[in-house]
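Student: Below is a structure I'd like to ask you about.
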Amino acid sequence: MVEKKTRVLIAKPGLDGHDRGAKIIARALRDAGMEVIYTGLRQTPEQIASAALQEDVDVIGLSILSGAHLVIVNRLMELLRENKLADDVLVLVGGIIPGEDIPVLKQAGVAEVFQPGTPTQAITDFIRTRAK
Amino acid sequence: MTKEAKTLTEERRELERKPGSAERTWEQTTLKRALEGSPERLGEFTTVSGVPVRRLYTPAGLPDFEPARELGFPGQPPYTRGIHATMYRGRLWTMRQFSGFATPEETNCRYHYLLSQGQTGLSVAFDLPTLMGYDSDHALAEGEVGKCGVAVSSLRDMEALFDRIPLAQVTTSMTINSPAAVIWAMYLAVAEKQGAKLEQLSGTIQNDILKEYIAQKEYIFPPAPSMRLVVDTFEFGVKHTPRWNTISISGYHIREAGSTALQELAFTLRDAIEYIDWGIARGLDVDEFVPRLSFFFNAHNDFFEEIAKYRAARRIWYRVMSERFHARTERARILRFHTQTAGCSLTAQQPYVNVIRTTIQALAAVLGGTQSLHTNSLDEAWALPTEAAATLALRTQQVIAHESGVTHTVDPLGGSYFVEWFTNEMERGCNDYFEKIDALGGMIPAIERGYPQREIAEAAYRYQQAVDRKTKIIVGVNEYAAAEEPPIEILQIDESVARRQKECLAELRRTRDNRRVTQCLRDLEAAARGDKNTMPYILDAVRAYATLGEICDTFRSVFGTYEEVSIT
């Protein structure tokens with residue numbers, strides 16, 4: 001039986017246009033055999049939730065460098081709950097996230113936060129281990 | 001670069017070298033013995049950008065080098081050694097720290113502080129809503145107000161930002177792109193209110209929309225109307241603000257997006273060529289508007305690669321302006337640049353090590369002959385800088401300026417076999433890129449086909465692979481990591497900034513002359529639809545306290561908005 005590929009949505013929420021990291025992760029995950037959909041820039045939480053639903057993804061990877069992560073993540077998690085996706089989708093965050101905000105994000109439902117300097121393989125391995 | 005292309009370039013380099021008999025003897029005796037005794041640490045030594053570096057550079061690497069033609073003297077063509085005859089003996093570079101956060105009032109305090117600590121020029125960092133032409137109370141500004149820079153939605157905010165700072169006496173650089181004309185108009189209006197004359201004002205607006213499409217991605221409108229706005233500022237500047245740099249053509253962001261040093265150089269200079277073509281199409285005289293085009297480069301870790309890049313930039317630019325554009329005056333042929341040390345090289349791990357990186361990078365910029373310099377703070381992989389971190393960053397420049405001795409002579413590395421070889425390589429590679437982009441029809445067609453974006457994405461991915469494989473070491477990250485690190489103090493910006501800004505905006509909208517605002521926006525829309533220069537209309541709107549968002553929305557309704565096709 002052919003194993004279903006893990007489907008990952010890489011999203012750039014908020015106004016921030018710095019996409020170097022998001023694009024590298026998208027490519028690395030693709031190289032690792034996953035199906036990756038990159039949303040492009042300046043997505044609202046509504047657009048991300050909608051894309052996650054439409055694309056039937058297993059993982060949402062948010063890239064946020066702007067300091068707006070608490071506001072964005074709270075809104076997105078709310079939308080995922082409304083759309084009954086919160087239990088099925090693994091939500092990951094990467095970017096510039098102060099250490100003290102990590103527990104707050106995890107409390108909100110984020111599975112893991114990857115700070116600057118994380119080796120690409122660590123992210124790939126985490127998804128392989130944790131995604132359904 | 002593909003493996004084949006890389007090998008070809010190396011082969012070409014080898015064929016061109018003409019080692020003398022003494023060098024050959026050294027290779028066959030002393031070197032051979034040394035390598036047999038102990039092999040070198042790595043199979044290949046490459047720069048941060050992946051350029052292979054030989055173990056030794058000699059005159060063999062400069063076979064047709066003519067010092068008079070390639071090197072010259074500082075302050076005269078081809079300007080390789082510097083654009084001024086005395087360089088830092090005459091005047092130090094401007095110490096211009098990029099700064100901005102939270103409310104205009106808080107940023108104004110930081111500006112006064114930095115000036116009191118010896119900074120010699122101002123540089124404004126705006127928040128994301130401002131950069132994207134949204135007011136602080138816009139729905140899309142939620143969570144973003146004041147976080148990445150200072151929030152400026154109207155002339156009122158600009159007045160507060162420059163409170164008690166005499167604009168006729170300072171120079172200010174503003175990092176603003178899509179809405180640059182609007183923010184510039186606000187600055188000019190503040191200066192007017194202070195009683196300054198526009199002709200006195202000196203400063204820079206970044207206003208480089210091409211690199212937004214390529215790298216920083218803070219575009220609003222499509223390319224053609226965006227270029228129109230840029231040329232409007234060139235035209236206005238020539239007439240009214242002769243001391244103002246109406247653009248800072250930037251490689252910094254291209255590098256931050258992951259390009260190589262050569263791509264940074266080539267794409268920046270080719271962007272400049274594009275701007276000049278558009279200015280000429282408007283009917284502007286190259287000798288009139290090009291003197292006010294300035295440049296902005298990155299200073300990354302690889303010391304000599306960066307120095308070669310800056311030296312090559314000056315020589316290439318002189319040749320472009322003479323041969324391609326036939327500029328008649330020297331002022332239109334010299335390349336003036338600001339440098340910022342590489343943000344992307346800073347680590348979240350062991351942040352104090354960033355001070356060392358920044359120092360090396362700043363030194364490269366100085367040895368490369370920069371006119372102006374920003375040094376990053378140690379905490380910038382985490383947050384906007386604290387006052388203490390910003391102070392240490394400024395002190396870095398001051399130590400280089402006053403204690404290191406490197407300012408005592410012009411272009412101290414001139415004549416180095418390595419540096420001159422590398423400068424030549426940069427020029428050659430740059431011309432190769434010019435050819436490719438010219439063949440695509442110019443930079444805008446190249447951007448529309450995703451060419452520079454793809455080059456950058458490839459380079460960024462290769463670099464990350466090198467880091468993941470540890471063929472590129474980052475101290476504290478993939479080597480010499482600490483098991484546990486105490487958190488450092490970082491600057492906190494909370495939602496109270498957004499609340500304050502929203503209150504101010506509400507009050508502004510209530511108390512201004514709204515009929516006047518409506519009329520100004522109507523006139524602006526008409527001007528935008530036609531082909532008049534929009535600057536006078538933007539100025540009128542700004543003086544009436546139309547907000548940034550209102551003016552940009554007017555432009556959005558006329559020009560439309562741009563969405564890129566993502567290249568991963």
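Chain labels run A, B, ... following the order of the structure tokens; each chain numbers its residues from 1, and ligands are numbered from 1 in the order shown.
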Return as a PyMOL selection string the residues belonging to chain A that are within 8 Å of chain B, counting only C-alpha atoms.
Tutor: chain A and resi 14-20+23-24+26-27+38+40+66-72+96-99+115-117+119-121
Student: Write out, as a PDB file, in the first residue's frame, the residues just selected, with C-alpha atoms.
Tutor:
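Below is the file selection_7.pdb, written as the result:
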```pdb
ATOM      1  CA  GLY A  14       0.650  39.142   8.922  1.00  0.00           C
ATOM      2  CA  LEU A  15       2.379  41.927   7.041  1.00  0.00           C
ATOM      3  CA  ASP A  16       5.918  40.608   7.280  1.00  0.00           C
ATOM      4  CA  GLY A  17       7.511  39.867   3.875  1.00  0.00           C
ATOM      5  CA  HIS A  18      10.692  38.125   5.026  1.00  0.00           C
ATOM      6  CA  ASP A  19      10.298  34.756   3.387  1.00  0.00           C
ATOM      7  CA  ARG A  20      13.834  33.364   3.251  1.00  0.00           C
ATOM      8  CA  LYS A  23      10.962  29.102   1.439  1.00  0.00           C
ATOM      9  CA  ILE A  24      13.948  27.102   2.650  1.00  0.00           C
ATOM     10  CA  ALA A  26       9.230  24.469   2.154  1.00  0.00           C
ATOM     11  CA  ARG A  27      11.944  23.210  -0.155  1.00  0.00           C
ATOM     12  CA  TYR A  38       3.325  27.582   0.289  1.00  0.00           C
ATOM     13  CA  GLY A  40       2.728  33.212  -0.271  1.00  0.00           C
ATOM     14  CA  SER A  66       7.450  40.575  13.018  1.00  0.00           C
ATOM     15  CA  GLY A  67       6.614  40.258  16.705  1.00  0.00           C
ATOM     16  CA  ALA A  68       2.936  39.760  15.918  1.00  0.00           C
ATOM     17  CA  HIS A  69       2.969  36.044  16.767  1.00  0.00           C
ATOM     18  CA  LEU A  70       0.754  36.082  19.876  1.00  0.00           C
ATOM     19  CA  VAL A  71      -2.060  37.955  18.170  1.00  0.00           C
ATOM     20  CA  ILE A  72      -1.802  35.916  14.973  1.00  0.00           C
ATOM     21  CA  ILE A  96      11.667  35.397  15.908  1.00  0.00           C
ATOM     22  CA  ILE A  97       9.897  34.207  19.042  1.00  0.00           C
ATOM     23  CA  PRO A  98      11.167  35.278  22.480  1.00  0.00           C
ATOM     24  CA  GLY A  99      11.671  32.338  24.823  1.00  0.00           C
ATOM     25  CA  GLN A 115      13.792  29.443  16.919  1.00  0.00           C
ATOM     26  CA  PRO A 116      16.604  30.832  14.738  1.00  0.00           C
ATOM     27  CA  GLY A 117      19.489  28.394  14.277  1.00  0.00           C
ATOM     28  CA  PRO A 119      18.810  22.685  11.930  1.00  0.00           C
ATOM     29  CA  THR A 120      16.466  21.941   9.032  1.00  0.00           C
ATOM     30  CA  GLN A 121      16.581  18.197   9.805  1.00  0.00           C
TER      31      GLN A 121
END
```
Student: Return as a list of chain:residue names the full set of residues in chain A whose backbone-based DSSP assignment is strand (DSSP E or B).
Tutor: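 Put together, the selection reads A:Arg7, A:Val8, A:Leu9, A:Ile10, A:Ala11, A:Pro13, A:Glu35, A:Val36, A:Ile37, A:Tyr38, A:Gln43, A:Val59, A:Ile60, A:Gly61, A:Leu62, A:Ser63, A:Ile64, A:Leu90, A:Val91, A:Leu92, A:Val93, A:Gly94, A:Gly95, A:Glu112, A:Val113, A:Phe114.
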Student: For the structure I just gave you, how does DSSP split segment 205-401 of chain B - specifically, which residues are alpha helix (DSSP H)? Reply as a PyMOL selection string.
Tutor: chain B and resi 210-211+223-240+252-256+261-282+286-289+303-319+353-367+387-401
Student: Give me the residues within 12 Å of Gln54 of chain A as JSON, numbers by chain, counting only C-alpha atoms and dropping any in the same chain fewer than 5 places off.
Tutor: {"A": [7, 9, 37, 47, 48, 49, 83, 85]}
Student: Please produce an output containing C-alpha atoms for each residue in the selection, written as a PDB file, in the first residue's frame.
Tutor:
```pdb
ATOM      1  CA  ARG A   7       0.771  17.439   3.576  1.00  0.00           C
ATOM      2  CA  LEU A   9       1.026  24.194   4.584  1.00  0.00           C
ATOM      3  CA  ILE A  37       1.889  24.117  -0.205  1.00  0.00           C
ATOM      4  CA  GLN A  47      -6.953  32.754   4.643  1.00  0.00           C
ATOM      5  CA  ILE A  48      -4.595  30.296   6.330  1.00  0.00           C
ATOM      6  CA  ALA A  49      -7.385  28.391   8.033  1.00  0.00           C
ATOM      7  CA  ASN A  83     -13.432  24.571  11.677  1.00  0.00           C
ATOM      8  CA  LEU A  85      -9.241  21.229  12.521  1.00  0.00           C
TER       9      LEU A  85
END
```
Student: Between B:Leu394, B:Val406, B:Val320, B:Ile83, single out the one closest to Phe337 of chain B, counting only C-alpha atoms.
Tutor: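 Among the listed residues, the smallest separation from Phe337 of chain B belongs to B:Ile83.
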Student: Tell me, as a VMD selection string, which residues lie within 8 Å of segment 432-437 of chain B, counting only C-alpha atoms; anything in the same chain fewer than 5 positions away does not count.
Tutor: chain B and resid 266 to 267 270 442 to 443 446
Student: List as a PyMOL selection string the protein and nucleic acid residues near segment 58-61 of chain A, meaning an atom at most 12 Å away when only C-alpha atoms are counted, but skip any in the same chain fewer than 5 places from it.
Tutor: chain A and resi 4-13+21-23+25-26+29+34-39+45+48-53+73+76-77+80+85-95+109-114+123-124+126-132
Student: Between B:Phe555, B:Glu503, B:Asn245, B:Tyr318, which is the closest to Leu524 of chain B once you count only C-alpha atoms?
Tutor: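 Looking at the shortest contact to Leu524 of chain B, the residue is B:Phe555.
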Student: Can you tell me which residues surround Ala68 of chain B at a distance of at most 10 Å, considering only C-alpha atoms, apart from same-chain residues fewer than 3 positions away, and format the answer as a PDB file with C-alpha atoms, in the first residue's frame?
Tutor:
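The resulting file, around.pdb, is reproduced below:
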```pdb
ATOM      1  CA  PHE B  65      46.629  44.549 -14.263  1.00  0.00           C
ATOM      2  CA  LEU B  71      43.343  51.389  -9.451  1.00  0.00           C
ATOM      3  CA  GLY B  72      43.997  55.054 -10.029  1.00  0.00           C
ATOM      4  CA  PHE B  73      43.991  57.525  -7.158  1.00  0.00           C
ATOM      5  CA  PRO B  77      38.439  57.877 -11.977  1.00  0.00           C
ATOM      6  CA  PRO B  78      37.994  54.962 -11.735  1.00  0.00           C
TER       7      PRO B  78
END
```
Student: Just how far from atom CA of Thr246 of chain B is atom CA of Leu122 of chain B, in Å to one decimal?
Tutor: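 One can read the atom CA of Leu122 of chain B to atom CA of Thr246 of chain B distance as 15.8 Å.
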